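Colleague: Enclosed is the structure file start-v8.pdb (PDB, C-alpha atoms).
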ATOM      1  CA  MET A   1      31.308 -29.932  34.613
ATOM      2  CA  ASP A   2      32.260 -28.655  38.052
ATOM      3  CA  LEU A   3      35.005 -30.858  39.514
ATOM      4  CA  GLY A   4      34.135 -29.582  42.976
ATOM      5  CA  ILE A   5      30.613 -30.950  42.956
ATOM      6  CA  PHE A   6      31.722 -34.006  44.946
ATOM      7  CA  GLU A   7      33.989 -32.095  47.316
ATOM      8  CA  ASP A   8      33.186 -31.693  51.008
ATOM      9  CA  VAL A   9      30.162 -33.979  50.841
ATOM     10  CA  LEU A  10      31.305 -37.579  50.974
ATOM     11  CA  ASP A  11      34.830 -38.691  50.206
ATOM     12  CA  THR A  12      34.120 -42.284  49.241
ATOM     13  CA  PRO A  13      35.570 -44.619  46.591
ATOM     14  CA  LYS A  14      32.561 -44.086  44.303
ATOM     15  CA  THR A  15      32.819 -40.281  44.405
ATOM     16  CA  GLN A  16      36.545 -40.553  43.818
ATOM     17  CA  LYS A  17      35.812 -42.648  40.704
ATOM     18  CA  ALA A  18      33.365 -39.993  39.506
ATOM     19  CA  LYS A  19      35.951 -37.215  39.938
ATOM     20  CA  LYS A  20      38.511 -39.290  38.045
ATOM     21  CA  ALA A  21      35.994 -39.782  35.211
ATOM     22  CA  VAL A  22      35.409 -36.006  35.029
ATOM     23  CA  GLN A  23      39.169 -35.523  34.635
ATOM     24  CA  THR A  24      39.165 -38.128  31.860
ATOM     25  CA  ILE A  25      36.403 -36.229  30.012
ATOM     26  CA  GLN A  26      38.647 -33.173  29.936
ATOM     27  CA  GLU A  27      41.647 -35.100  28.598
ATOM     28  CA  VAL A  28      40.270 -37.698  26.140
ATOM     29  CA  LYS A  29      39.796 -36.805  22.476
ATOM     30  CA  PRO A  30      36.301 -37.330  21.047
ATOM     31  CA  GLN A  31      35.579 -39.895  18.358
ATOM     32  CA  GLU A  32      32.769 -40.226  15.828
ATOM     33  CA  ILE A  33      30.290 -42.927  16.833
ATOM     34  CA  GLU A  34      27.094 -44.164  15.210
ATOM     35  CA  ILE A  35      23.960 -42.581  16.670
ATOM     36  CA  SER A  36      21.990 -45.799  16.093
ATOM     37  CA  LYS A  37      24.240 -47.556  18.625
ATOM     38  CA  ILE A  38      23.565 -45.059  21.439
ATOM     39  CA  LYS A  39      21.084 -46.144  24.109
ATOM     40  CA  ASN A  40      19.301 -44.010  26.705
ATOM     41  CA  PRO A  41      20.346 -44.482  30.354
ATOM     42  CA  ARG A  42      18.110 -46.500  32.656
ATOM     43  CA  PHE A  43      17.975 -43.871  35.401
ATOM     44  CA  HIS A  44      15.960 -40.630  35.497
ATOM     45  CA  ASP A  45      16.727 -38.163  32.746
ATOM     46  CA  ARG A  46      15.154 -34.981  31.446
ATOM     47  CA  SER A  47      11.432 -35.656  31.082
ATOM     48  CA  TYR A  48      10.874 -33.147  28.264
ATOM     49  CA  VAL A  49      12.655 -30.733  25.958
ATOM     50  CA  SER A  50      10.659 -28.605  23.547
ATOM     51  CA  PRO A  51      10.976 -29.347  19.804
ATOM     52  CA  GLU A  52      11.689 -25.620  19.289
ATOM     53  CA  ARG A  53      14.769 -25.807  21.514
ATOM     54  CA  ILE A  54      16.080 -28.889  19.715
ATOM     55  CA  ALA A  55      15.491 -27.241  16.327
ATOM     56  CA  ALA A  56      17.275 -24.056  17.453
ATOM     57  CA  LEU A  57      20.329 -26.013  18.647
ATOM     58  CA  ALA A  58      20.316 -28.030  15.415
ATOM     59  CA  GLU A  59      20.450 -24.842  13.347
ATOM     60  CA  ASN A  60      23.288 -23.532  15.526
ATOM     61  CA  ILE A  61      25.249 -26.771  15.079
ATOM     62  CA  LYS A  62      24.597 -26.645  11.338
ATOM     63  CA  ALA A  63      26.033 -23.130  11.172
ATOM     64  CA  TYR A  64      28.930 -23.346  13.659
ATOM     65  CA  GLY A  65      29.493 -27.029  14.426
ATOM     66  CA  LEU A  66      29.261 -28.896  17.729
ATOM     67  CA  ALA A  67      30.988 -26.915  20.476
ATOM     68  CA  GLN A  68      31.085 -29.785  22.974
ATOM     69  CA  PRO A  69      30.932 -33.546  22.288
ATOM     70  CA  ILE A  70      28.492 -35.791  24.096
ATOM     71  CA  VAL A  71      29.713 -38.307  26.709
ATOM     72  CA  VAL A  72      28.913 -42.024  26.528
ATOM     73  CA  ARG A  73      30.166 -45.273  27.982
ATOM     74  CA  LYS A  74      30.918 -48.439  26.046
ATOM     75  CA  LEU A  75      28.698 -51.437  26.824
ATOM     76  CA  GLU A  76      29.653 -55.109  26.555
ATOM     77  CA  ASP A  77      27.465 -55.694  23.495
ATOM     78  CA  GLY A  78      29.309 -53.031  21.498
ATOM     79  CA  SER A  79      26.645 -50.348  21.918
ATOM     80  CA  TYR A  80      26.943 -47.139  23.942
ATOM     81  CA  GLU A  81      24.962 -45.646  26.832
ATOM     82  CA  ARG A  82      24.484 -41.882  26.817
ATOM     83  CA  ILE A  83      25.732 -40.111  29.952
ATOM     84  CA  ILE A  84      25.785 -36.420  29.001
ATOM     85  CA  GLY A  85      24.389 -34.643  25.925
ATOM     86  CA  TYR A  86      20.692 -35.465  25.532
ATOM     87  CA  ILE A  87      19.775 -32.262  23.642
ATOM     88  CA  ARG A  88      22.906 -32.374  21.480
ATOM     89  CA  LEU A  89      22.063 -35.933  20.474
ATOM     90  CA  LYS A  90      18.464 -34.960  19.678
ATOM     91  CA  ALA A  91      19.733 -32.056  17.562
ATOM     92  CA  TYR A  92      21.938 -34.416  15.540
ATOM     93  CA  GLU A  93      18.956 -36.727  15.023
ATOM     94  CA  TYR A  94      16.948 -33.688  13.899
ATOM     95  CA  LEU A  95      19.679 -32.979  11.325
ATOM     96  CA  LYS A  96      19.455 -36.650  10.244
ATOM     97  CA  LYS A  97      23.138 -37.250  11.011
ATOM     98  CA  ASP A  98      24.431 -40.820  11.245
ATOM     99  CA  LYS A  99      27.336 -40.098  13.583
ATOM    100  CA  ILE A 100      28.135 -37.689  16.437
ATOM    101  CA  PRO A 101      31.397 -36.678  18.176
ATOM    102  CA  ALA A 102      31.539 -38.393  21.571
ATOM    103  CA  ILE A 103      33.932 -38.934  24.441
ATOM    104  CA  VAL A 104      33.818 -42.650  25.187
ATOM    105  CA  LEU A 105      34.453 -43.611  28.805
ATOM    106  CA  ASP A 106      35.256 -47.011  30.255
ATOM    107  CA  VAL A 107      33.269 -46.676  33.502
ATOM    108  CA  ASP A 108      30.762 -48.775  35.422
ATOM    109  CA  GLU A 109      27.058 -47.915  35.733
ATOM    110  CA  GLU A 110      27.499 -46.377  39.185
ATOM    111  CA  THR A 111      30.099 -43.905  37.914
ATOM    112  CA  ALA A 112      28.000 -43.112  34.833
ATOM    113  CA  LEU A 113      25.063 -42.423  37.137
ATOM    114  CA  ALA A 114      27.170 -40.086  39.277
ATOM    115  CA  LEU A 115      28.333 -38.125  36.224
ATOM    116  CA  MET A 116      24.852 -37.719  34.798
ATOM    117  CA  ILE A 117      23.293 -36.785  38.123
ATOM    118  CA  SER A 118      25.955 -34.205  38.931
ATOM    119  CA  GLU A 119      25.550 -32.700  35.446
ATOM    120  CA  ASN A 120      21.749 -32.482  35.754
ATOM    121  CA  ALA A 121      21.826 -31.288  39.354
ATOM    122  CA  GLN A 122      23.878 -28.258  38.317
ATOM    123  CA  ARG A 123      21.839 -27.314  35.243
ATOM    124  CA  GLU A 124      19.858 -24.087  35.470
ATOM    125  CA  ASP A 125      17.571 -24.852  32.515
ATOM    126  CA  LEU A 126      15.712 -27.803  34.054
ATOM    127  CA  ASN A 127      12.023 -27.441  34.867
ATOM    128  CA  ASP A 128      11.083 -27.570  38.552
ATOM    129  CA  TYR A 129      10.033 -31.242  38.387
ATOM    130  CA  ASP A 130      13.246 -32.445  36.728
ATOM    131  CA  LYS A 131      15.319 -30.249  39.044
ATOM    132  CA  LEU A 132      13.741 -31.851  42.121
ATOM    133  CA  MET A 133      14.213 -35.335  40.653
ATOM    134  CA  SER A 134      17.871 -34.618  39.832
ATOM    135  CA  HIS A 135      18.464 -33.469  43.418
ATOM    136  CA  LEU A 136      16.760 -36.600  44.718
ATOM    137  CA  GLU A 137      18.858 -38.800  42.414
ATOM    138  CA  TYR A 138      22.024 -37.062  43.572
ATOM    139  CA  LEU A 139      21.165 -37.403  47.278
ATOM    140  CA  SER A 140      20.186 -41.029  46.686
ATOM    141  CA  PHE A 141      23.584 -41.655  45.116
ATOM    142  CA  ILE A 142      25.771 -40.063  47.786
ATOM    143  CA  LEU A 143      23.738 -41.478  50.715
ATOM    144  CA  GLY A 144      23.408 -44.955  49.192
ATOM    145  CA  LYS A 145      19.644 -44.971  49.762
ATOM    146  CA  ASP A 146      16.671 -45.125  47.421
ATOM    147  CA  LYS A 147      14.698 -41.933  46.833
ATOM    148  CA  GLU A 148      11.883 -42.868  49.250
ATOM    149  CA  GLU A 149      14.417 -43.425  52.042
ATOM    150  CA  VAL A 150      16.068 -40.072  51.273
ATOM    151  CA  ILE A 151      12.680 -38.336  51.526
ATOM    152  CA  LYS A 152      11.940 -40.135  54.808
ATOM    153  CA  VAL A 153      15.265 -39.057  56.351
ATOM    154  CA  ALA A 154      14.871 -35.481  55.078
ATOM    155  CA  ARG A 155      11.363 -35.220  56.570
ATOM    156  CA  LYS A 156      12.482 -36.602  59.922
ATOM    157  CA  VAL A 157      15.434 -34.202  60.130
ATOM    158  CA  PHE A 158      13.186 -31.287  59.181
ATOM    159  CA  ASN A 159      10.648 -32.318  61.847
ATOM    160  CA  TYR A 160      13.491 -32.492  64.366
ATOM    161  CA  ILE A 161      14.594 -28.961  63.465
ATOM    162  CA  SER A 162      10.947 -27.835  63.735
ATOM    163  CA  GLY A 163      10.627 -29.406  67.193
ATOM    164  CA  ASN A 164       8.157 -32.111  66.166
ATOM    165  CA  VAL A 165      10.644 -34.979  66.635
ATOM    166  CA  LYS A 166      12.572 -35.257  69.885
ATOM    167  CA  GLN A 167      15.604 -37.260  68.831
ATOM    168  CA  LEU A 168      17.764 -38.273  65.869
ATOM    169  CA  THR A 169      20.223 -41.137  65.673
ATOM    170  CA  PRO A 170      23.892 -40.211  65.035
ATOM    171  CA  GLU A 171      23.484 -41.593  61.494
ATOM    172  CA  GLU A 172      20.397 -39.456  60.857
ATOM    173  CA  ARG A 173      22.239 -36.374  62.119
ATOM    174  CA  LYS A 174      25.111 -37.061  59.733
ATOM    175  CA  GLU A 175      22.749 -37.671  56.804
ATOM    176  CA  GLY A 176      20.812 -34.509  57.621
ATOM    177  CA  GLN A 177      24.035 -32.483  57.502
ATOM    178  CA  ILE A 178      24.943 -34.057  54.160
ATOM    179  CA  ILE A 179      21.493 -33.301  52.713
ATOM    180  CA  GLU A 180      21.568 -29.678  53.882
ATOM    181  CA  LYS A 181      25.115 -29.102  52.641
ATOM    182  CA  THR A 182      24.430 -30.793  49.300
ATOM    183  CA  LEU A 183      21.276 -28.766  48.618
ATOM    184  CA  GLN A 184      23.169 -25.561  49.374
ATOM    185  CA  LYS A 185      25.972 -26.599  47.032
ATOM    186  CA  LEU A 186      23.711 -27.721  44.190
ATOM    187  CA  SER A 187      21.191 -24.892  44.081
ATOM    188  CA  GLY A 188      21.606 -22.554  47.046
ATOM    189  CA  THR A 189      18.431 -23.917  48.682
ATOM    190  CA  ASN A 190      17.876 -25.422  52.125
ATOM    191  CA  LEU A 191      16.061 -28.350  53.696
ATOM    192  CA  ARG A 192      12.856 -26.361  54.283
ATOM    193  CA  THR A 193      12.598 -25.457  50.577
ATOM    194  CA  PHE A 194      13.391 -29.045  49.562
ATOM    195  CA  ILE A 195      10.628 -30.460  51.790
ATOM    196  CA  GLU A 196       8.174 -27.863  50.457
ATOM    197  CA  ARG A 197       9.071 -28.706  46.852
ATOM    198  CA  LEU A 198       8.390 -32.416  47.446
ATOM    199  CA  LYS A 199       4.686 -31.548  47.085
ATOM    200  CA  ILE A 200       5.282 -31.387  43.359
ATOM    201  CA  LEU A 201       5.653 -35.195  43.307
ATOM    202  CA  ASN A 202       1.989 -35.571  44.292
ATOM    203  CA  VAL A 203       0.308 -33.134  41.911
ATOM    204  CA  ALA A 204      -2.121 -34.460  39.281
ATOM    205  CA  PRO A 205      -0.478 -36.149  36.244
ATOM    206  CA  GLN A 206      -1.857 -33.445  33.907
ATOM    207  CA  ILE A 207      -0.074 -30.801  35.982
ATOM    208  CA  LYS A 208       3.225 -32.722  35.912
ATOM    209  CA  GLU A 209       2.875 -32.815  32.131
ATOM    210  CA  ALA A 210       2.334 -29.044  32.044
ATOM    211  CA  ILE A 211       5.446 -28.504  34.192
ATOM    212  CA  ARG A 212       7.523 -30.561  31.777
ATOM    213  CA  LYS A 213       6.126 -29.231  28.516
ATOM    214  CA  HIS A 214       5.364 -25.621  29.405
ATOM    215  CA  GLY A 215       7.882 -24.879  32.151
ATOM    216  CA  TRP A 216       5.303 -24.183  34.869
ATOM    217  CA  SER A 217       6.805 -23.075  38.138
ATOM    218  CA  TYR A 218       6.335 -24.981  41.386
ATOM    219  CA  SER A 219       3.965 -22.319  42.732
ATOM    220  CA  MET A 220       1.790 -22.380  39.587
ATOM    221  CA  ALA A 221       1.544 -26.179  39.776
ATOM    222  CA  ILE A 222       0.534 -26.186  43.448
ATOM    223  CA  GLU A 223      -2.093 -23.500  42.818
ATOM    224  CA  VAL A 224      -3.779 -25.426  39.976
ATOM    225  CA  ASN A 225      -3.557 -28.670  41.977
ATOM    226  CA  LYS A 226      -6.087 -27.166  44.425
ATOM    227  CA  LEU A 227      -8.677 -28.167  41.792
ATOM    228  CA  ARG A 228      -7.571 -31.801  41.709
ATOM    229  CA  HIS A 229     -10.876 -32.949  43.222
ATOM    230  CA  ILE A 230     -12.719 -31.188  40.347
ATOM    231  CA  PRO A 231     -10.972 -32.831  37.331
ATOM    232  CA  GLU A 232     -13.077 -31.170  34.605
ATOM    233  CA  LYS A 233     -12.534 -27.673  35.988
ATOM    234  CA  MET A 234      -8.838 -28.374  36.534
ATOM    235  CA  GLU A 235      -8.313 -29.524  32.940
ATOM    236  CA  GLN A 236     -10.241 -26.524  31.626
ATOM    237  CA  LEU A 237      -7.997 -24.188  33.639
ATOM    238  CA  ILE A 238      -4.832 -25.975  32.483
ATOM    239  CA  GLN A 239      -5.871 -25.446  28.862
ATOM    240  CA  GLU A 240      -6.802 -21.827  29.569
ATOM    241  CA  ILE A 241      -3.348 -21.169  31.071
ATOM    242  CA  ILE A 242      -1.667 -22.744  28.030
ATOM    243  CA  ASP A 243      -3.852 -20.939  25.476
ATOM    244  CA  LYS A 244      -3.902 -17.508  27.112
ATOM    245  CA  GLY A 245      -0.617 -17.492  29.015
ATOM    246  CA  LEU A 246      -2.278 -16.580  32.321
ATOM    247  CA  THR A 247      -0.056 -15.121  35.026
ATOM    248  CA  LYS A 248       0.206 -16.647  38.493
ATOM    249  CA  LYS A 249      -1.966 -13.858  39.896
ATOM    250  CA  GLU A 250      -4.649 -14.511  37.253
ATOM    251  CA  VAL A 251      -4.505 -18.237  37.984
ATOM    252  CA  GLN A 252      -4.929 -17.605  41.714
ATOM    253  CA  GLN A 253      -8.030 -15.531  40.959
ATOM    254  CA  ARG A 254      -9.473 -18.219  38.655
ATOM    255  CA  VAL A 255      -8.869 -20.955  41.255
ATOM    256  CA  LYS A 256     -10.551 -18.824  43.917
ATOM    257  CA  GLU A 257     -13.564 -18.232  41.649
ATOM    258  CA  ILE A 258     -13.899 -21.922  40.742
ATOM    259  CA  LEU A 259     -13.658 -23.087  44.363
ATOM    260  CA  GLY A 260     -16.251 -20.449  45.334
ATOM    261  CA  GLU A 261     -18.632 -21.636  42.613
ATOM    262  CA  GLU A 262     -18.222 -25.270  43.679
ATOM    263  CA  ALA A 263     -18.807 -24.377  47.338
ATOM    264  CA  GLU A 264     -22.109 -22.679  46.427
ATOM    265  CA  LYS A 265     -23.260 -25.806  44.570
ATOM    266  CA  ARG A 266     -22.836 -27.990  47.622
ATOM    267  CA  VAL A 267     -25.960 -28.655  49.662
ATOM    268  CA  LYS A 268     -25.336 -27.363  53.141
ATOM    269  CA  ASN A 269     -26.171 -29.651  56.043
ATOM    270  CA  PRO A 270     -28.226 -27.543  58.491
ATOM    271  CA  PHE A 271     -27.473 -30.014  61.290
ATOM    272  CA  LYS A 272     -23.679 -30.155  60.851
ATOM    273  CA  GLU A 273     -22.864 -27.909  63.813
ATOM    274  CA  THR A 274     -25.638 -29.462  65.921
ATOM    275  CA  PHE A 275     -24.179 -32.960  65.471
ATOM    276  CA  LYS A 276     -20.704 -31.665  66.284
ATOM    277  CA  ASP A 277     -22.030 -30.162  69.505
ATOM    278  CA  LEU A 278     -23.952 -33.352  70.375
ATOM    279  CA  ASN A 279     -20.858 -35.496  69.839
ATOM    280  CA  LYS A 280     -18.846 -33.228  72.140
ATOM    281  CA  ARG A 281     -21.522 -33.206  74.841
ATOM    282  CA  VAL A 282     -21.978 -37.001  74.737
ATOM    283  CA  SER A 283     -18.203 -37.519  75.087
ATOM    284  CA  GLU A 284     -18.070 -35.173  78.080
ATOM    285  CA  LEU A 285     -21.106 -36.857  79.626
ATOM    286  CA  TYR A 286     -19.603 -40.341  79.300
ATOM    287  CA  ARG A 287     -16.513 -39.287  81.188
ATOM    288  CA  LYS A 288     -18.622 -38.132  84.143
ATOM    289  CA  LEU A 289     -21.336 -40.831  84.290
ATOM    290  CA  PRO A 290     -21.114 -43.765  86.697
ATOM    291  CA  GLU A 291     -21.017 -47.137  84.929
ATOM    292  CA  LYS A 292     -24.570 -48.083  85.966
ATOM    293  CA  GLU A 293     -25.968 -44.870  84.407
ATOM    294  CA  LYS A 294     -24.136 -45.322  81.078
ATOM    295  CA  THR A 295     -26.376 -48.235  80.004
ATOM    296  CA  LYS A 296     -29.549 -46.200  80.571
ATOM    297  CA  VAL A 297     -28.197 -43.266  78.571
ATOM    298  CA  GLU A 298     -27.059 -45.568  75.733
ATOM    299  CA  LYS A 299     -30.535 -47.087  75.441
ATOM    300  CA  ALA A 300     -32.196 -43.671  75.389
ATOM    301  CA  ILE A 301     -29.784 -42.291  72.774
ATOM    302  CA  ASN A 302     -30.049 -45.422  70.577
ATOM    303  CA  LYS A 303     -33.834 -45.149  70.663
ATOM    304  CA  LYS A 304     -33.671 -41.589  69.316
ATOM    305  CA  LEU A 305     -31.017 -42.550  66.744
ATOM    306  CA  ASN A 306     -33.220 -45.345  65.429
ATOM    307  CA  GLU A 307     -36.016 -42.818  64.904
ATOM    308  CA  ILE A 308     -33.621 -40.624  62.896
ATOM    309  CA  TYR A 309     -32.422 -43.586  60.786
ATOM    310  CA  LYS A 310     -36.014 -44.588  59.999
ATOM    311  CA  LEU A 311     -36.756 -41.020  58.937
ATOM    312  CA  LEU A 312     -33.718 -40.986  56.620
ATOM    313  CA  GLU A 313     -34.606 -44.376  55.103
ATOM    314  CA  LYS A 314     -38.039 -43.019  54.227
ATOM    315  CA  TYR A 315     -36.529 -40.418  51.894
ATOM    316  CA  GLU A 316     -33.517 -42.324  50.551
TER
END
Please go through the file and, once you have read it, give me the structure as structure tokens.
Modeller:
Amino acid sequence: MDLGIFEDVLDTPKTQKAKKAVQTIQEVKPQEIEISKIKNPRFHDRSYVSPERIAALAENIKAYGLAQPIVVRKLEDGSYERIIGYIRLKAYEYLKKDKIPAIVLDVDEETALALMISENAQREDLNDYDKLMSHLEYLSFILGKDKEEVIKVARKVFNYISGNVKQLTPEERKEGQIIEKTLQKLSGTNLRTFIERLKILNVAPQIKEAIRKHGWSYSMAIEVNKLRHIPEKMEQLIQEIIDKGLTKKEVQQRVKEILGEEAEKRVKNPFKETFKDLNKRVSELYRKLPEKEKTKVEKAINKKLNEIYKLLEKYE
């Protein structure tokens, strides 16, 4: 784990505790603990790891042993909470082992959270959804805000940079600098990319599942999400991508074809542009008319509208 991950961001007591815990990990000898006593953490973790990857690591461990112990913390009830080593633990379970080498830390939940977040935030093998969530968790930790508040601040700062917001408070300026610097340190990205990637939080659940299980990229997910309002077609395309391994370019073409087909099915309203023009002309007219003339015009227009409504009711 990179000791410098907390440097130059916020020098606070909680980040100091995290750095001290990292040092402890490097110095403490591992001990064998019972796997049945290890609990999952309560905060966000990896959402999916393929069975193939777990099996491959298990075979490697079987042949060469465990290169690096997992990291846990001791809980008051005598059990342990996993901090680092999700895949290693799964591999040991796959091998039907009862115990696993672990470094046991005596740290509070906040420090455990910091260690896990910093580990995940630096991993290069996370899918795009888990990577975004790990960055959000990390920013939430160092800013002392929940994830929704972090997103709100990030959006406001980005809108300020874009010229859509006139002013930031001193606190928002400071937080914006921390967010930008942290993103650069964690993954070499910037605020613009972070804001763009937030779209992934709102894609259809089936697409989030595909990101987790099949490693879809952000751009692939956003492309398929264009079919969200056509659930059947979207699910068919998702399955087609999985079965045939379609490229992004092929997916773009399929989405374009599907949207074109759906557009042709829609019944076109021949009066759409006419009503738009009428609405514009009526608005302009109302601005010019004297008050005494407005009542006359309203009565005349309402009379014609009633005739249209009666006509529609006849065929409904």
Colleague: Going by the chain IDs and residue numbers used in this file, which residues fall under the PyMOL selection byres ((chain A and resi 143) around 12)? Write them as an MDAnalysis selection string.
Modeller: chainID A and resid 9:12 14:15 136:142 144:147 149:151 153:154 171:172 174:179 182
Colleague: Translate the PyMOL selection byres ((chain A and resi 220-223) around 8), as applied to the file shown, into an explicit residue set as an MDAnalysis selection string.
Modeller: chainID A and resid 199:200 203 207:208 211 216:219 224:226 248 251:252 255
Colleague: Expand the PyMOL selection byres ((chain A and resi 193) around 12) into the individual residues it matches in the shown file, reporting them as an NGL selection string.
Modeller: :A and (132 or 154-155 or 158 or 180 or 183-184 or 187-192 or 194-200 or 218)
Colleague: Kindly give the distance, in Å, that separates CA of Thr247 in chain A and CA of Ala210 in chain A, rounded to a single decimal.
Modeller: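 Atom-to-atom, CA of Thr247 in chain A to CA of Ala210 in chain A, that is 14.4 Å.
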Colleague: Would you work out the distance separating CA of Arg88 in chain A from CA of Pro101 in chain A, expressed in Å to one decimal?
Modeller: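 Separation of CA of Arg88 in chain A and CA of Pro101 in chain A: 10.1 Å.
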Colleague: Rank nothing, just name the residue among A:Lys272, A:Arg228, A:Lys96, A:Lys19 nearest to Leu259 in chain A, using only C-alpha atoms.
Modeller: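 Residue with the minimum atom-to-atom distance to Leu259 in chain A: A:Arg228.
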Colleague: Quick one: pull the distance between CA of Ala18 in chain A and CA of Ile83 in chain A, Å, one decimal.
Modeller: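 These two atoms are separated by 12.2 Å.
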Colleague: For range 291-307 of chain A, find every residue with an atom within 12 Å (counting all atoms listed in the file), except residues of its own chain fewer than 4 positions away, and show them as JSON, numbers by chain.
Modeller: {"A": [275, 278, 279, 282, 283, 285, 286, 287, 311, 312, 313, 314]}
Colleague: Let me make sure I understand: among A:Leu126, A:Tyr64, A:Ala56, A:Lys39, which one has the smallest atom-to-atom distance to Asp77 in chain A if we use all atoms listed in the file?
Modeller: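 Selected residue with least distance to Asp77 in chain A: A:Lys39.
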Colleague: Nearest residue to Glu119 in chain A out of A:Glu232, A:Val22, A:Ile242, A:Ala102, using all atoms listed in the file?
Modeller: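 For Glu119 in chain A, the nearest of the given residues is A:Val22.
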Colleague: Just checking: using all atoms listed in the file, which residue out of A:Ile87, A:Tyr129, A:Ser134, A:Ile100 ends up closest to Gly65 in chain A?
Modeller: A:Ile100
Colleague: Rank A:Gln167, A:Ile258, A:Val71, A:Pro205 by their smallest atom-to-atom distance to Gln26 in chain A, using only C-alpha atoms, and report the top residue only.
Modeller: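 Of A:Gln167, A:Ile258, A:Val71, A:Pro205, the one nearest Gln26 in chain A, counting only C-alpha atoms, is A:Val71.
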Colleague: Output requested as a PDB file, in the frame of the given file - range 38-43 of chain A, filled out with all heavy atoms.
Modeller:
ATOM      1  N   ILE A  38      23.625 -45.722  20.131  1.00  0.00           N
ATOM      2  CA  ILE A  38      23.565 -45.059  21.439  1.00  0.00           C
ATOM      3  C   ILE A  38      22.229 -45.327  22.117  1.00  0.00           C
ATOM      4  O   ILE A  38      21.165 -45.073  21.551  1.00  0.00           O
ATOM      5  CB  ILE A  38      23.774 -43.537  21.282  1.00  0.00           C
ATOM      6  CG1 ILE A  38      25.121 -43.249  20.621  1.00  0.00           C
ATOM      7  CG2 ILE A  38      23.702 -42.853  22.654  1.00  0.00           C
ATOM      8  CD1 ILE A  38      25.346 -41.792  20.278  1.00  0.00           C
ATOM      9  N   LYS A  39      22.284 -45.845  23.331  1.00  0.00           N
ATOM     10  CA  LYS A  39      21.084 -46.144  24.109  1.00  0.00           C
ATOM     11  C   LYS A  39      20.870 -45.075  25.181  1.00  0.00           C
ATOM     12  O   LYS A  39      21.829 -44.456  25.647  1.00  0.00           O
ATOM     13  CB  LYS A  39      21.213 -47.518  24.789  1.00  0.00           C
ATOM     14  CG  LYS A  39      21.345 -48.681  23.816  1.00  0.00           C
ATOM     15  CD  LYS A  39      21.521 -49.982  24.583  1.00  0.00           C
ATOM     16  CE  LYS A  39      21.633 -51.172  23.640  1.00  0.00           C
ATOM     17  NZ  LYS A  39      21.849 -52.452  24.388  1.00  0.00           N
ATOM     18  N   ASN A  40      19.615 -44.919  25.592  1.00  0.00           N
ATOM     19  CA  ASN A  40      19.301 -44.010  26.705  1.00  0.00           C
ATOM     20  C   ASN A  40      19.666 -44.672  28.026  1.00  0.00           C
ATOM     21  O   ASN A  40      19.596 -45.903  28.145  1.00  0.00           O
ATOM     22  CB  ASN A  40      17.814 -43.655  26.717  1.00  0.00           C
ATOM     23  CG  ASN A  40      17.432 -42.766  25.559  1.00  0.00           C
ATOM     24  OD1 ASN A  40      18.203 -41.903  25.152  1.00  0.00           O
ATOM     25  ND2 ASN A  40      16.254 -42.978  25.010  1.00  0.00           N
ATOM     26  N   PRO A  41      20.042 -43.901  29.040  1.00  0.00           N
ATOM     27  CA  PRO A  41      20.346 -44.482  30.354  1.00  0.00           C
ATOM     28  C   PRO A  41      19.080 -45.010  31.019  1.00  0.00           C
ATOM     29  O   PRO A  41      17.974 -44.604  30.678  1.00  0.00           O
ATOM     30  CB  PRO A  41      20.928 -43.301  31.141  1.00  0.00           C
ATOM     31  CG  PRO A  41      20.324 -42.092  30.489  1.00  0.00           C
ATOM     32  CD  PRO A  41      20.181 -42.438  29.040  1.00  0.00           C
ATOM     33  N   ARG A  42      19.267 -45.902  31.978  1.00  0.00           N
ATOM     34  CA  ARG A  42      18.110 -46.500  32.656  1.00  0.00           C
ATOM     35  C   ARG A  42      17.594 -45.659  33.814  1.00  0.00           C
ATOM     36  O   ARG A  42      16.494 -45.864  34.290  1.00  0.00           O
ATOM     37  CB  ARG A  42      18.475 -47.901  33.167  1.00  0.00           C
ATOM     38  CG  ARG A  42      18.603 -48.922  32.051  1.00  0.00           C
ATOM     39  CD  ARG A  42      18.862 -50.294  32.607  1.00  0.00           C
ATOM     40  NE  ARG A  42      20.194 -50.406  33.168  1.00  0.00           N
ATOM     41  CZ  ARG A  42      20.604 -51.465  33.873  1.00  0.00           C
ATOM     42  NH1 ARG A  42      19.770 -52.441  34.131  1.00  0.00           N
ATOM     43  NH2 ARG A  42      21.828 -51.519  34.341  1.00  0.00           N
ATOM     44  N   PHE A  43      18.396 -44.699  34.274  1.00  0.00           N
ATOM     45  CA  PHE A  43      17.975 -43.871  35.401  1.00  0.00           C
ATOM     46  C   PHE A  43      17.284 -42.606  34.916  1.00  0.00           C
ATOM     47  O   PHE A  43      17.227 -42.342  33.706  1.00  0.00           O
ATOM     48  CB  PHE A  43      19.161 -43.533  36.318  1.00  0.00           C
ATOM     49  CG  PHE A  43      20.465 -43.363  35.597  1.00  0.00           C
ATOM     50  CD1 PHE A  43      20.811 -42.158  35.035  1.00  0.00           C
ATOM     51  CD2 PHE A  43      21.339 -44.436  35.479  1.00  0.00           C
ATOM     52  CE1 PHE A  43      22.005 -41.998  34.368  1.00  0.00           C
ATOM     53  CE2 PHE A  43      22.545 -44.273  34.814  1.00  0.00           C
ATOM     54  CZ  PHE A  43      22.878 -43.056  34.248  1.00  0.00           C
TER      55      PHE A  43
END
